[in-house]
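The data block below is my_file.txt; it holds compact mmCIF, C-alpha atoms and all ligand atoms.
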```txt
# COMPACT_ATOMS: atom_id res chain seq x y z
CA MET A 721 1.98 2.19 0.33
CA GLY A 722 -2.78 5.54 -0.98
CA LEU A 723 -4.31 4.91 2.39
CA ASP A 724 -0.74 4.61 2.04
CA ILE A 725 -1.59 6.07 -0.35
CA PRO A 726 -1.76 4.51 0.07
CA LEU A 727 -4.52 4.52 2.08
CA ALA A 728 -2.61 7.50 3.33
CA HIS A 729 -1.69 10.00 0.72
CA SER A 730 -4.70 10.22 -1.53
CA PRO A 731 -6.01 13.79 -1.41
CA ASN A 732 -9.60 12.67 -1.14
CA MET A 733 -8.83 10.71 1.97
CA GLN A 734 -8.20 13.96 3.71
CA SER A 735 -10.80 16.18 5.22
CA GLY A 736 -10.81 19.70 3.90
CA ASN A 737 -7.82 19.39 1.62
CA SER A 738 -8.05 18.65 -2.06
CA ILE A 739 -6.39 19.44 -5.34
CA ASP A 740 -7.34 22.75 -6.91
CA THR A 741 -8.34 21.63 -10.38
CA THR A 742 -8.28 25.14 -11.76
CA LYS A 743 -4.50 25.27 -11.40
CA LEU A 744 -3.22 21.80 -12.06
CA GLU A 745 0.50 21.68 -11.65
CA ASP A 746 2.65 19.62 -13.97
CA LEU A 747 2.94 15.98 -13.03
CA LEU A 748 6.36 15.11 -11.63
CA ILE A 749 6.90 12.61 -14.44
CA SER A 750 6.33 15.40 -16.98
CA VAL A 751 8.80 17.66 -15.18
CA VAL A 752 11.39 14.88 -15.24
CA GLU A 753 10.73 14.17 -18.92
CA SER A 754 11.33 17.82 -19.73
CA GLY A 755 14.96 17.22 -18.77
CA ILE A 756 16.25 18.20 -15.36
CA ASP A 757 19.59 17.61 -13.69
CA GLN A 758 18.54 19.00 -10.33
CA VAL A 759 15.60 18.19 -8.09
CA PRO A 760 12.94 20.96 -7.92
CA PRO A 761 12.96 22.70 -4.51
CA ASP A 762 9.47 21.39 -3.61
CA TYR A 763 10.93 17.88 -3.40
CA ILE A 764 14.11 18.49 -1.39
CA LYS A 765 13.65 16.92 2.03
CA LEU A 766 15.10 18.35 5.21
CA PRO A 767 18.32 16.53 6.10
CA HIS A 768 16.73 14.39 8.84
CA ASP A 769 14.02 13.23 6.41
CA ARG A 770 16.47 12.03 3.78
CA VAL A 771 17.74 8.49 3.29
CA SER A 772 20.33 7.59 5.88
CA ARG A 773 22.63 5.23 4.05
CA SER A 774 24.62 4.38 7.15
CA LEU A 775 21.60 2.74 8.74
CA ASN A 776 21.51 0.29 5.87
CA SER A 777 25.17 -0.59 5.76
CA GLU A 778 25.71 -1.81 9.29
CA GLY A 779 25.78 -5.52 9.94
CA PRO A 780 24.55 -8.39 7.79
CA GLN A 781 21.76 -7.62 5.38
CA GLU A 782 18.59 -9.42 6.40
CA GLN A 783 15.81 -10.24 3.96
CA ILE A 784 12.09 -10.42 4.58
CA PRO A 785 10.77 -14.02 4.62
CA VAL A 786 9.55 -15.74 1.45
CA ILE A 787 6.50 -17.95 2.05
CA ASP A 788 5.41 -20.50 -0.56
CA LEU A 789 1.65 -20.99 -0.52
CA ALA A 790 1.97 -24.05 -2.78
CA MET A 791 3.05 -25.96 0.33
CA MET A 792 -0.50 -25.64 1.65
CA GLU A 793 -2.00 -27.86 -0.97
CA ASP A 794 -1.66 -31.06 1.02
CA GLY A 795 -4.03 -29.53 3.58
CA GLY A 796 -2.11 -31.19 6.44
CA PRO A 797 1.48 -30.70 7.60
CA GLY A 798 2.25 -28.34 4.74
CA LYS A 799 -0.62 -26.06 5.66
CA ARG A 800 0.40 -26.05 9.32
CA GLN A 801 3.96 -25.18 8.33
CA VAL A 802 2.81 -22.30 6.12
CA LEU A 803 0.60 -20.92 8.87
CA ALA A 804 3.50 -21.16 11.32
CA GLU A 805 5.73 -19.29 8.87
CA ILE A 806 3.08 -16.59 8.45
CA VAL A 807 2.80 -16.17 12.23
CA ARG A 808 6.58 -15.86 12.57
CA ALA A 809 6.84 -13.41 9.67
CA CYS A 810 3.99 -11.26 10.98
CA GLU A 811 5.44 -11.17 14.48
CA ASP A 812 9.05 -10.62 13.43
CA TRP A 813 8.63 -8.41 10.38
CA GLY A 814 5.01 -7.46 9.77
CA CYS A 815 5.52 -8.48 6.16
CA PHE A 816 6.67 -11.27 3.85
CA HIS A 817 6.95 -12.23 0.20
CA MET A 818 4.05 -14.47 -0.84
CA ILE A 819 4.83 -16.79 -3.79
CA ASN A 820 2.80 -19.43 -5.66
CA HIS A 821 -0.27 -17.52 -4.54
CA GLY A 822 -2.53 -18.38 -7.45
CA VAL A 823 -2.48 -15.11 -9.38
CA PRO A 824 -1.07 -16.10 -12.80
CA ALA A 825 2.31 -14.57 -13.67
CA ALA A 826 0.97 -13.54 -17.09
CA VAL A 827 -1.90 -11.65 -15.45
CA MET A 828 0.52 -9.84 -13.14
CA ASP A 829 2.87 -8.98 -16.01
CA ALA A 830 0.07 -7.72 -18.25
CA ALA A 831 -1.31 -5.44 -15.54
CA LEU A 832 2.07 -3.99 -14.59
CA ASP A 833 2.89 -3.49 -18.28
CA ALA A 834 -0.41 -1.63 -18.67
CA ILE A 835 0.48 0.74 -15.85
CA LYS A 836 4.01 1.24 -17.14
CA GLY A 837 2.49 1.85 -20.57
CA PHE A 838 0.23 4.51 -19.11
CA PHE A 839 3.13 6.38 -17.55
CA ALA A 840 5.01 6.10 -20.86
CA LEU A 841 2.17 7.82 -22.76
CA PRO A 842 2.74 11.33 -24.14
CA ALA A 843 2.12 13.91 -21.42
CA ALA A 844 -1.03 15.23 -23.11
CA GLU A 845 -2.60 11.77 -23.07
CA ARG A 846 -1.78 11.23 -19.40
CA GLU A 847 -3.50 14.54 -18.69
CA GLU A 848 -6.80 13.04 -19.88
CA TYR A 849 -6.71 10.90 -16.75
CA ARG A 850 -5.81 13.58 -14.23
CA GLN A 851 -7.31 13.20 -10.82
CA THR A 852 -9.88 15.93 -10.26
CA LYS A 853 -11.09 17.63 -7.14
CA ASN A 854 -14.18 15.50 -6.72
CA ALA A 855 -12.85 12.13 -7.78
CA GLY A 856 -10.52 9.90 -5.83
CA LYS A 857 -9.34 8.18 -9.00
CA GLY A 858 -6.96 9.01 -11.80
CA CYS A 859 -3.43 10.33 -12.10
CA GLY A 860 -1.95 12.74 -9.59
CA ARG A 861 0.54 12.89 -6.79
CA SER A 862 0.55 11.55 -3.29
CA TYR A 863 -0.66 14.01 -0.74
CA THR A 864 1.94 14.99 1.81
CA GLY A 865 0.04 17.67 3.69
CA GLN A 866 0.07 21.40 3.24
CA GLY A 867 3.51 22.93 3.60
CA VAL A 868 5.18 19.50 3.62
CA VAL A 869 7.91 18.65 1.14
CA ARG A 870 6.59 16.40 -1.61
CA ASP A 871 7.43 12.78 -2.20
CA TRP A 872 9.07 11.75 -5.46
CA ASN A 873 6.22 9.90 -7.16
CA ASN A 874 3.06 10.06 -9.18
CA LEU A 875 -0.04 7.95 -8.63
CA LEU A 876 -2.56 6.31 -10.89
CA ILE A 877 -5.49 5.50 -8.62
CA LEU A 878 -7.72 2.73 -9.97
CA THR A 879 -10.07 2.46 -7.00
CA ASP A 880 -11.82 5.45 -5.49
CA PHE A 881 -11.35 4.83 -1.79
CA SER A 882 -13.21 8.04 -1.02
CA GLY A 883 -16.41 6.49 -2.44
CA GLU A 884 -19.13 5.49 -0.09
CA GLU A 885 -18.99 1.78 -0.72
CA ASP A 886 -17.90 -0.90 -3.12
CA ARG A 887 -20.00 -0.47 -6.25
CA LYS A 888 -18.28 -2.90 -8.58
CA SER A 889 -21.34 -5.09 -8.92
CA ASP A 890 -23.28 -2.13 -10.35
CA ARG A 891 -20.84 -0.84 -12.88
CA GLY A 892 -19.73 -4.01 -14.62
CA SER A 893 -16.10 -3.06 -14.18
CA PHE A 894 -13.81 -4.02 -11.37
CA TYR A 895 -12.12 -0.65 -11.03
CA ASP A 896 -13.49 2.89 -10.80
CA LEU A 897 -10.98 4.19 -13.33
CA VAL A 898 -11.55 3.11 -16.92
CA LEU A 899 -8.24 3.21 -18.72
CA ALA A 900 -8.63 3.27 -22.50
CA LYS A 901 -4.91 3.92 -23.00
CA PRO A 902 -2.61 2.21 -23.68
CA PRO A 903 -4.57 -0.30 -25.84
CA GLY A 904 -5.55 -3.41 -23.90
CA ALA A 905 -4.92 -1.80 -20.52
CA GLN A 906 -8.48 -2.02 -19.30
CA GLU A 907 -8.79 -5.72 -20.11
CA ALA A 908 -5.46 -6.44 -18.43
CA LEU A 909 -6.51 -4.55 -15.30
CA GLU A 910 -9.92 -6.20 -15.23
CA ASN A 911 -8.27 -9.63 -15.28
CA TYR A 912 -5.87 -8.49 -12.59
CA GLY A 913 -8.60 -7.16 -10.30
CA GLN A 914 -10.65 -10.33 -10.58
CA SER A 915 -7.62 -12.53 -9.91
CA VAL A 916 -6.19 -10.47 -7.05
CA ASN A 917 -9.63 -10.36 -5.45
CA ILE A 918 -9.46 -14.14 -5.03
CA LEU A 919 -6.05 -13.83 -3.36
CA ILE A 920 -7.34 -11.09 -1.08
CA GLU A 921 -10.15 -13.37 0.08
CA ARG A 922 -7.66 -16.20 0.57
CA SER A 923 -5.38 -13.89 2.53
CA PHE A 924 -8.22 -12.91 4.87
CA SER A 925 -8.62 -16.62 5.63
CA LEU A 926 -4.89 -17.18 6.06
CA VAL A 927 -4.52 -14.29 8.47
CA SER A 928 -7.55 -15.47 10.42
CA GLU A 929 -6.06 -18.94 10.78
CA ALA A 930 -2.63 -17.51 11.60
CA LEU A 931 -4.35 -15.77 14.50
CA GLY A 932 -5.64 -19.14 15.65
CA GLN A 933 -9.20 -18.57 14.49
CA THR A 934 -11.51 -20.03 11.84
CA PRO A 935 -10.91 -19.04 8.19
CA GLU A 936 -14.05 -16.86 8.31
CA PHE A 937 -13.03 -15.01 11.46
CA LEU A 938 -12.11 -11.66 9.91
CA THR A 939 -14.69 -11.53 7.14
CA ARG A 940 -17.48 -12.42 9.56
CA LYS A 941 -16.63 -9.33 11.58
CA HIS A 942 -15.61 -7.04 8.76
CA THR A 943 -16.86 -6.95 5.17
CA SER A 944 -13.86 -7.47 2.93
CA ARG A 945 -13.16 -4.92 0.23
CA PHE A 946 -10.07 -4.20 -1.77
CA GLY A 947 -8.81 -1.64 -4.23
CA THR A 948 -5.69 -0.79 -6.16
CA VAL A 949 -3.46 2.27 -6.23
CA THR A 950 -0.45 2.26 -8.53
CA THR A 951 2.64 4.38 -7.96
CA HIS A 952 5.29 5.47 -10.41
CA TYR A 953 8.67 6.71 -9.21
CA PRO A 954 10.35 8.67 -12.02
CA PRO A 955 14.13 8.46 -12.34
CA CYS A 956 15.70 10.96 -9.97
CA PRO A 957 18.87 12.97 -10.70
CA GLN A 958 19.63 13.50 -6.97
CA PRO A 959 18.07 10.58 -5.06
CA ASP A 960 19.85 11.41 -1.80
CA LEU A 961 17.90 14.68 -1.52
CA VAL A 962 14.40 13.23 -1.86
CA MET A 963 12.16 10.41 -0.64
CA GLY A 964 10.10 8.30 -3.02
CA LEU A 965 7.50 7.74 -0.32
CA ARG A 966 8.01 8.91 3.23
CA PRO A 967 7.84 6.49 6.18
CA HIS A 968 4.32 5.37 7.03
CA GLU A 969 2.11 2.41 7.81
CA ASP A 970 -0.79 1.42 5.58
CA GLY A 971 -4.19 2.26 7.01
CA GLY A 972 -6.14 -0.81 5.93
CA ILE A 973 -6.29 -4.40 7.18
CA PHE A 974 -3.41 -5.62 5.02
CA THR A 975 -1.77 -4.76 1.71
CA LEU A 976 -0.48 -6.92 -1.13
CA ILE A 977 2.27 -5.02 -2.94
CA HIS A 978 3.16 -6.01 -6.48
CA LEU A 979 6.71 -4.78 -7.13
CA ASP A 980 8.58 -4.51 -10.38
CA GLU A 981 12.23 -5.60 -10.58
CA VAL A 982 13.73 -2.29 -9.39
CA PRO A 983 14.63 -2.07 -5.67
CA GLY A 984 13.36 0.85 -3.57
CA LEU A 985 10.93 -0.45 -0.94
CA GLU A 986 12.35 -0.60 2.60
CA VAL A 987 10.81 -1.84 5.83
CA LEU A 988 11.73 -0.83 9.37
CA LYS A 989 12.88 -3.68 11.61
CA ASP A 990 14.56 -3.25 14.97
CA GLU A 991 15.23 0.44 14.26
CA ARG A 992 16.95 -0.38 10.96
CA TRP A 993 15.73 0.13 7.41
CA VAL A 994 15.92 -3.14 5.50
CA PRO A 995 15.69 -3.01 1.69
CA VAL A 996 13.15 -5.43 0.20
CA THR A 997 14.76 -7.35 -2.65
CA PRO A 998 12.13 -7.91 -5.36
CA VAL A 999 11.12 -11.55 -5.93
CA ALA A 1000 9.63 -12.26 -9.34
CA HIS A 1001 5.83 -12.53 -9.29
CA SER A 1002 5.53 -12.30 -5.54
CA PHE A 1003 3.16 -10.14 -3.58
CA VAL A 1004 4.62 -8.48 -0.51
CA PHE A 1005 2.06 -8.97 2.25
CA MET A 1006 2.07 -6.08 4.75
CA ILE A 1007 0.11 -5.75 7.95
CA GLY A 1008 -2.01 -2.58 8.15
CA ASP A 1009 -3.15 -0.54 11.13
CA LEU A 1010 -6.61 -2.10 11.32
CA LEU A 1011 -5.17 -5.59 11.80
CA GLN A 1012 -2.98 -4.30 14.61
CA ILE A 1013 -6.08 -2.98 16.38
CA ILE A 1014 -8.20 -6.11 15.73
CA SER A 1015 -5.42 -8.46 16.87
CA ASN A 1016 -4.90 -6.33 20.00
CA ASP A 1017 -1.24 -5.64 19.15
CA ARG A 1018 -0.29 -9.22 18.28
CA PHE A 1019 0.35 -8.37 14.61
CA LYS A 1020 1.74 -4.85 14.24
CA SER A 1021 1.51 -2.68 11.14
CA VAL A 1022 4.85 -2.44 9.39
CA THR A 1023 6.55 0.91 8.86
CA HIS A 1024 7.87 1.25 5.35
CA ARG A 1025 9.23 3.82 2.92
CA VAL A 1026 10.42 4.04 -0.66
CA VAL A 1027 13.78 5.46 -1.67
CA ALA A 1028 14.15 7.12 -5.05
CA GLY A 1029 16.80 6.11 -7.53
CA PRO A 1030 18.19 6.72 -11.00
CA ILE A 1031 15.91 4.11 -12.60
CA ALA A 1032 12.13 4.49 -12.98
CA ARG A 1033 10.06 2.14 -10.85
CA THR A 1034 6.37 1.18 -10.96
CA VAL A 1035 4.42 -0.59 -8.23
CA MET A 1036 0.82 -1.79 -7.78
CA GLY A 1037 -0.57 -1.62 -4.24
CA ASN A 1038 -3.62 -3.73 -3.44
CA PHE A 1039 -5.29 -2.57 -0.25
CA ALA A 1040 -7.56 -4.87 1.75
CA VAL A 1041 -9.98 -2.71 3.71
CA THR A 1042 -13.51 -2.95 5.04
CA SER A 1043 -16.77 -1.05 4.81
CA ASN A 1044 -16.79 2.57 5.92
CA ASP A 1045 -19.17 1.92 8.82
CA SER A 1046 -17.23 -1.04 10.18
CA VAL A 1047 -16.24 -0.62 13.84
CA ILE A 1048 -12.59 -1.54 14.34
CA GLN A 1049 -11.65 -2.68 17.84
CA PRO A 1050 -9.64 -5.41 19.55
CA ALA A 1051 -11.50 -8.69 19.03
CA ALA A 1052 -12.70 -10.35 22.23
CA GLU A 1053 -10.75 -13.47 21.22
CA PHE A 1054 -7.49 -11.55 21.79
CA CYS A 1055 -8.45 -9.86 25.03
CA SER A 1056 -8.27 -11.18 28.57
CA ASP A 1057 -7.64 -9.99 32.11
CA LEU A 1058 -3.93 -10.32 31.41
CA LYS A 1059 -4.21 -8.68 28.00
CA PRO A 1060 -6.93 -6.02 28.15
CA PRO A 1061 -7.99 -4.15 24.99
CA ALA A 1062 -5.12 -1.88 23.93
CA PHE A 1063 -7.15 0.36 21.63
CA ARG A 1064 -10.44 2.17 21.74
CA PRO A 1065 -12.98 1.42 18.98
CA VAL A 1066 -12.94 3.50 15.82
CA VAL A 1067 -15.21 3.54 12.78
CA PHE A 1068 -13.19 2.89 9.63
CA LEU A 1069 -14.47 6.05 7.91
CA ASP A 1070 -13.23 8.12 10.85
CA TYR A 1071 -9.87 6.34 10.79
CA LYS A 1072 -9.44 7.21 7.12
CA LYS A 1073 -9.96 10.87 7.93
CA LYS A 1074 -7.01 10.62 10.29
CA LEU A 1075 -4.74 9.62 7.45
CA VAL A 1076 -3.54 13.14 6.93
CA GLY A 1077 -0.01 13.72 5.78
CA THR A 1078 2.45 15.42 8.08
CA GLY A 1079 6.10 16.16 7.81
CA THR A 1080 7.08 13.85 10.63
CA HIS A 1081 6.38 10.15 10.79
CA SER A 1082 4.27 8.93 13.67
CA LYS A 1083 2.34 5.69 13.95
CA ARG A 1084 -1.25 6.78 13.51
CA VAL A 1085 -2.61 3.77 15.32
CA GLU A 1086 -1.08 5.08 18.54
CA ALA A 1087 -3.70 7.85 18.58
CA TYR A 1088 -6.25 5.16 19.48
CA ARG A 1089 -4.24 3.43 22.17
CA LEU A 1090 -5.97 3.32 25.53
CA GLY A 1091 -4.27 4.85 28.50
CA GLN A 1092 -2.43 7.45 26.45
FE FE B 1101 2.45 1.94 2.07
```

So, in terms of structure tokens, how does the structure I just supplied come out?
Amino acid sequence: MGLDIPLAHSPNMQSGNSIDTTKLEDLLISVVESGIDQVPPDYIKLPHDRVSRSLNSEGPQEQIPVIDLAMMEDGGPGKRQVLAEIVRACEDWGCFHMINHGVPAAVMDAALDAIKGFFALPAAEREEYRQTKNAGKGCGRSYTGQGVVRDWNNLLILTDFSGEEDRKSDRGSFYDLVLAKPPGAQEALENYGQSVNILIERSFSLVSEALGQTPEFLTRKHTSRFGTVTTHYPPCPQPDLVMGLRPHEDGGIFTLIHLDEVPGLEVLKDERWVPVTPVAHSFVFMIGDLLQIISNDRFKSVTHRVVAGPIARTVMGNFAVTSNDSVIQPAAEFCSDLKPPAFRPVVFLDYKKKLVGTGTHSKRVEAYRLGQ
């Protein structure tokens, strides 16, 4: 949802476009807090970019799969069943709820409370953490491209994805952003980062095995890194006119989304938008573009969006990526005479530069498809 932001909407991910710090606009949340009963014009989407309710109301409402990692603990049949469920979920949906994943519920709650607490701070205190032109961290808005109608959200970026490489071992802190407010936030986020990092590593192994390879398959080819971007969706007086986050795919290997209890996330399946019902203390696993390339189209990145609503909503997105110089290409293990490589190689840093916002959704990965 940075390179979606998600690895996709962070200004510093773009080439040549960045926030002008000399004229910082008001944060959306501050505009909403000032008391509005109409959406500002900058946020009103064209009719074809708005939420189409009819698409959601036809037929039975499906739900994304829920996969219980606790079943793996026997190491035998349970593990095989979980891996089979992951394969089915990745092939059918590109995403699933992951429960009993090892990140303590209290750690998840404390971190989400810290982020909610930040967005509940007085406006002047939030301003102390504004994202600046030269830093890909802090509080700002998702980048939707010049001249493109804005999405209804604000970001608090904990990890600077524009940085050269992972520097956490040097700085003694897991995240680039140091959040002194609200009290206790930094400690809560530090615990969260350390704990989620373990799940990210575990997820790399699970995905590798789901692809029929050894647990080390992905990390042997691609250094694993992860970072966190949080998104706040203020309450909206006219949700049908806006989009919380426009349709996109995440640009990393995979994403673990930590939702609060308010609905809003939707995934595209068989040309229909399916709302994701929050499951307490789950992470929503989502396939990113890089995994689609590496798996030679077996696991496809999932298109998703966020609809706005009358109730505020806060989400933490954990993005599994790789080093900037990593070459992403279909792995030989997934290529054959019958299934030749579907994509040309791309260096991850170059792929990130492609994550530029536009008004119209298009799967970015298709730009690398061979034979196009
Ligand atoms: Fe996303």

Please list as an mmCIF file with C-alpha atoms, keeping the file's coordinate frame every residue within 10 Å of range 1059-1064 of chain A, counting only C-alpha atoms and excluding residues in the same chain fewer than 4 positions away.
```
data_model
loop_
_atom_site.group_PDB
_atom_site.id
_atom_site.type_symbol
_atom_site.label_atom_id
_atom_site.label_comp_id
_atom_site.auth_asym_id
_atom_site.auth_seq_id
_atom_site.Cartn_x
_atom_site.Cartn_y
_atom_site.Cartn_z
ATOM 1 C CA GLN A 1012 -2.980 -4.300 14.610
ATOM 2 C CA ILE A 1013 -6.080 -2.980 16.380
ATOM 3 C CA ILE A 1014 -8.200 -6.110 15.730
ATOM 4 C CA SER A 1015 -5.420 -8.460 16.870
ATOM 5 C CA ASN A 1016 -4.900 -6.330 20.000
ATOM 6 C CA ASP A 1017 -1.240 -5.640 19.150
ATOM 7 C CA ILE A 1048 -12.590 -1.540 14.340
ATOM 8 C CA GLN A 1049 -11.650 -2.680 17.840
ATOM 9 C CA PRO A 1050 -9.640 -5.410 19.550
ATOM 10 C CA ALA A 1051 -11.500 -8.690 19.030
ATOM 11 C CA ALA A 1052 -12.700 -10.350 22.230
ATOM 12 C CA PHE A 1054 -7.490 -11.550 21.790
ATOM 13 C CA CYS A 1055 -8.450 -9.860 25.030
ATOM 14 C CA VAL A 1085 -2.610 3.770 15.320
ATOM 15 C CA GLU A 1086 -1.080 5.080 18.540
ATOM 16 C CA ALA A 1087 -3.700 7.850 18.580
ATOM 17 C CA TYR A 1088 -6.250 5.160 19.480
ATOM 18 C CA ARG A 1089 -4.240 3.430 22.170
ATOM 19 C CA LEU A 1090 -5.970 3.320 25.530
ATOM 20 C CA GLY A 1091 -4.270 4.850 28.500
ATOM 21 C CA GLN A 1092 -2.430 7.450 26.450
#
```

Distance query Phe839 in chain A at most 12 Å, only C-alpha atoms, self and fewer than 6 positions along chain excluded, as an mmCIF file with C-alpha atoms, keeping the file's coordinate frame:
```cif
data_model
loop_
_atom_site.group_PDB
_atom_site.id
_atom_site.type_symbol
_atom_site.label_atom_id
_atom_site.label_comp_id
_atom_site.auth_asym_id
_atom_site.auth_seq_id
_atom_site.Cartn_x
_atom_site.Cartn_y
_atom_site.Cartn_z
ATOM 1 C CA LEU A 747 2.940 15.980 -13.030
ATOM 2 C CA LEU A 748 6.360 15.110 -11.630
ATOM 3 C CA ILE A 749 6.900 12.610 -14.440
ATOM 4 C CA SER A 750 6.330 15.400 -16.980
ATOM 5 C CA GLU A 753 10.730 14.170 -18.920
ATOM 6 C CA LEU A 832 2.070 -3.990 -14.590
ATOM 7 C CA ASP A 833 2.890 -3.490 -18.280
ATOM 8 C CA GLU A 845 -2.600 11.770 -23.070
ATOM 9 C CA ARG A 846 -1.780 11.230 -19.400
ATOM 10 C CA GLU A 847 -3.500 14.540 -18.690
ATOM 11 C CA TYR A 849 -6.710 10.900 -16.750
ATOM 12 C CA ARG A 850 -5.810 13.580 -14.230
ATOM 13 C CA GLY A 858 -6.960 9.010 -11.800
ATOM 14 C CA CYS A 859 -3.430 10.330 -12.100
ATOM 15 C CA GLY A 860 -1.950 12.740 -9.590
ATOM 16 C CA ASN A 873 6.220 9.900 -7.160
ATOM 17 C CA ASN A 874 3.060 10.060 -9.180
ATOM 18 C CA LEU A 875 -0.040 7.950 -8.630
ATOM 19 C CA LEU A 876 -2.560 6.310 -10.890
ATOM 20 C CA LEU A 899 -8.240 3.210 -18.720
ATOM 21 C CA LYS A 901 -4.910 3.920 -23.000
ATOM 22 C CA PRO A 902 -2.610 2.210 -23.680
ATOM 23 C CA ALA A 905 -4.920 -1.800 -20.520
ATOM 24 C CA THR A 950 -0.450 2.260 -8.530
ATOM 25 C CA THR A 951 2.640 4.380 -7.960
ATOM 26 C CA HIS A 952 5.290 5.470 -10.410
ATOM 27 C CA TYR A 953 8.670 6.710 -9.210
ATOM 28 C CA PRO A 954 10.350 8.670 -12.020
ATOM 29 C CA ALA A 1032 12.130 4.490 -12.980
ATOM 30 C CA ARG A 1033 10.060 2.140 -10.850
ATOM 31 C CA THR A 1034 6.370 1.180 -10.960
ATOM 32 C CA VAL A 1035 4.420 -0.590 -8.230
#
```

Expected answer as a CSV table (one decimal) with C-alpha atoms, in the frame of the given file: all residues with atoms within 6 Å of (9.8, 7.0, -0.7), all atoms listed in the file:
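part_9.csv written:
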```
chain,number,residue,atom,x,y,z
A,963,MET,CA,12.2,10.4,-0.6
A,964,GLY,CA,10.1,8.3,-3.0
A,965,LEU,CA,7.5,7.7,-0.3
A,966,ARG,CA,8.0,8.9,3.2
A,1025,ARG,CA,9.2,3.8,2.9
A,1026,VAL,CA,10.4,4.0,-0.7
A,1027,VAL,CA,13.8,5.5,-1.7
```

Within 7 Å of range 1000-1007 of chain A, counting only C-alpha atoms, which residues qualify if same-chain residues fewer than 4 places away don't, as a PDB file with C-alpha atoms, keeping the file's coordinate frame?
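Produced file out-v5.pdb, reproduced below:
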```pdb
ATOM      1  CA  GLY A 814       5.010  -7.460   9.770  1.00  0.00           C
ATOM      2  CA  CYS A 815       5.520  -8.480   6.160  1.00  0.00           C
ATOM      3  CA  PHE A 816       6.670 -11.270   3.850  1.00  0.00           C
ATOM      4  CA  HIS A 817       6.950 -12.230   0.200  1.00  0.00           C
ATOM      5  CA  MET A 818       4.050 -14.470  -0.840  1.00  0.00           C
ATOM      6  CA  ILE A 819       4.830 -16.790  -3.790  1.00  0.00           C
ATOM      7  CA  ALA A 825       2.310 -14.570 -13.670  1.00  0.00           C
ATOM      8  CA  ILE A 973      -6.290  -4.400   7.180  1.00  0.00           C
ATOM      9  CA  PHE A 974      -3.410  -5.620   5.020  1.00  0.00           C
ATOM     10  CA  THR A 975      -1.770  -4.760   1.710  1.00  0.00           C
ATOM     11  CA  LEU A 976      -0.480  -6.920  -1.130  1.00  0.00           C
ATOM     12  CA  ILE A 977       2.270  -5.020  -2.940  1.00  0.00           C
ATOM     13  CA  HIS A 978       3.160  -6.010  -6.480  1.00  0.00           C
ATOM     14  CA  LEU A1011      -5.170  -5.590  11.800  1.00  0.00           C
ATOM     15  CA  LYS A1020       1.740  -4.850  14.240  1.00  0.00           C
ATOM     16  CA  SER A1021       1.510  -2.680  11.140  1.00  0.00           C
ATOM     17  CA  VAL A1022       4.850  -2.440   9.390  1.00  0.00           C
TER      18      VAL A1022
END
```

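Nearest-residue note for ligand FE 1101 (chain B): choosing from A:Gly1029, A:Gly904, A:Gly971, A:Pro998, the minimum distance belongs to A:Gly971, counting all atoms listed in the file.
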
Choose the residue, out of A:Phe937, A:Phe881, A:Phe1068, A:Phe1039, that has the smallest atom-to-atom separation from ligand FE 1101 (chain B); count all atoms listed in the file.
->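 Closest residue, counting all atoms listed in the file: A:Phe1039.
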
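CA of Gln866 in chain A to CA of Arg770 in chain A spans 18.9 Å [interatomic distance, one decimal].
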
Around all the atoms of range 945-948 of chain A listed in the file, with 4 Å of room on each side, what axis-aligned box do you get, giving centre and edge lengths in Å to one decimal, as JSON?
```
{"center_x": -9.4, "center_y": -2.9, "center_z": -3.0, "size_x": 15.5, "size_y": 12.1, "size_z": 14.4}
```

Provide the CA of Val786 in chain A to CA of Leu878 in chain A distance in Å, to one decimal place.
->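 Rounded to one decimal, the two atoms are 27.7 Å apart.
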
One-decimal distance in Å that lies between CA of Leu803 in chain A and CA of Ser928 in chain A =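 Calculated distance between CA of Ser928 in chain A and CA of Leu803 in chain A is 9.9 Å.
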
Hey, which of A:Val987, A:Ile920, A:Leu1069, A:Val759 ends up closest to Asp960 in chain A? Count all atoms listed in the file.
-> A:Val759

Compile the contact shell of Pro903 in chain A as a ChimeraX atom specification: residues with an atom at most 10 Å away, counting only C-alpha atoms, same-chain residues fewer than 6 positions apart removed.
-> /A:834,837-838

Could you write those residues out with C-alpha atoms, as a CSV table (one decimal), in the frame of the given file?
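The result, stored in selection-v6.csv:
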```csv
chain,number,residue,atom,x,y,z
A,834,ALA,CA,-0.4,-1.6,-18.7
A,837,GLY,CA,2.5,1.8,-20.6
A,838,PHE,CA,0.2,4.5,-19.1
```

Residue among A:Val999, A:Val823, A:Met1036, A:Ala844 lying closest to ligand FE 1101 (chain B), counting all atoms listed in the file |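 Looking at the shortest contact to ligand FE 1101 (chain B), the residue is A:Met1036.
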
Go through A:Val949, A:Val927, A:Ile787, A:Ala908 and flag the residue nearest ligand FE 1101 (chain B), using only C-alpha atoms and all ligand atoms for the distances.
->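 Using only C-alpha atoms and all ligand atoms, ligand FE 1101 (chain B) sits closest to A:Val949.
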
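Restricting the calculation to all atoms listed in the file, the smallest distance between Pro824 in chain A and any of A:Gln914, A:Ser862, A:Ser893, A:Gln783 is found for A:Gln914.
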
Can you list, as a short mmCIF file (atom, residue, chain, number, x, y, z; two decimals) with C-alpha atoms, in the coordinates of the input, every protein, DNA or RNA residue that comes within 8 Å of Glu969 in chain A when you count all atoms listed in the file, leaving out same-chain residues fewer than 4 positions away?
```
data_model
loop_
_atom_site.label_atom_id
_atom_site.label_comp_id
_atom_site.auth_asym_id
_atom_site.auth_seq_id
_atom_site.Cartn_x
_atom_site.Cartn_y
_atom_site.Cartn_z
CA MET A 721 1.98 2.19 0.33
CA ASP A 724 -0.74 4.61 2.04
CA GLY A 1008 -2.01 -2.58 8.15
CA ASP A 1009 -3.15 -0.54 11.13
CA SER A 1021 1.51 -2.68 11.14
CA VAL A 1022 4.85 -2.44 9.39
CA THR A 1023 6.55 0.91 8.86
CA HIS A 1024 7.87 1.25 5.35
CA LYS A 1083 2.34 5.69 13.95
CA ARG A 1084 -1.25 6.78 13.51
#
```
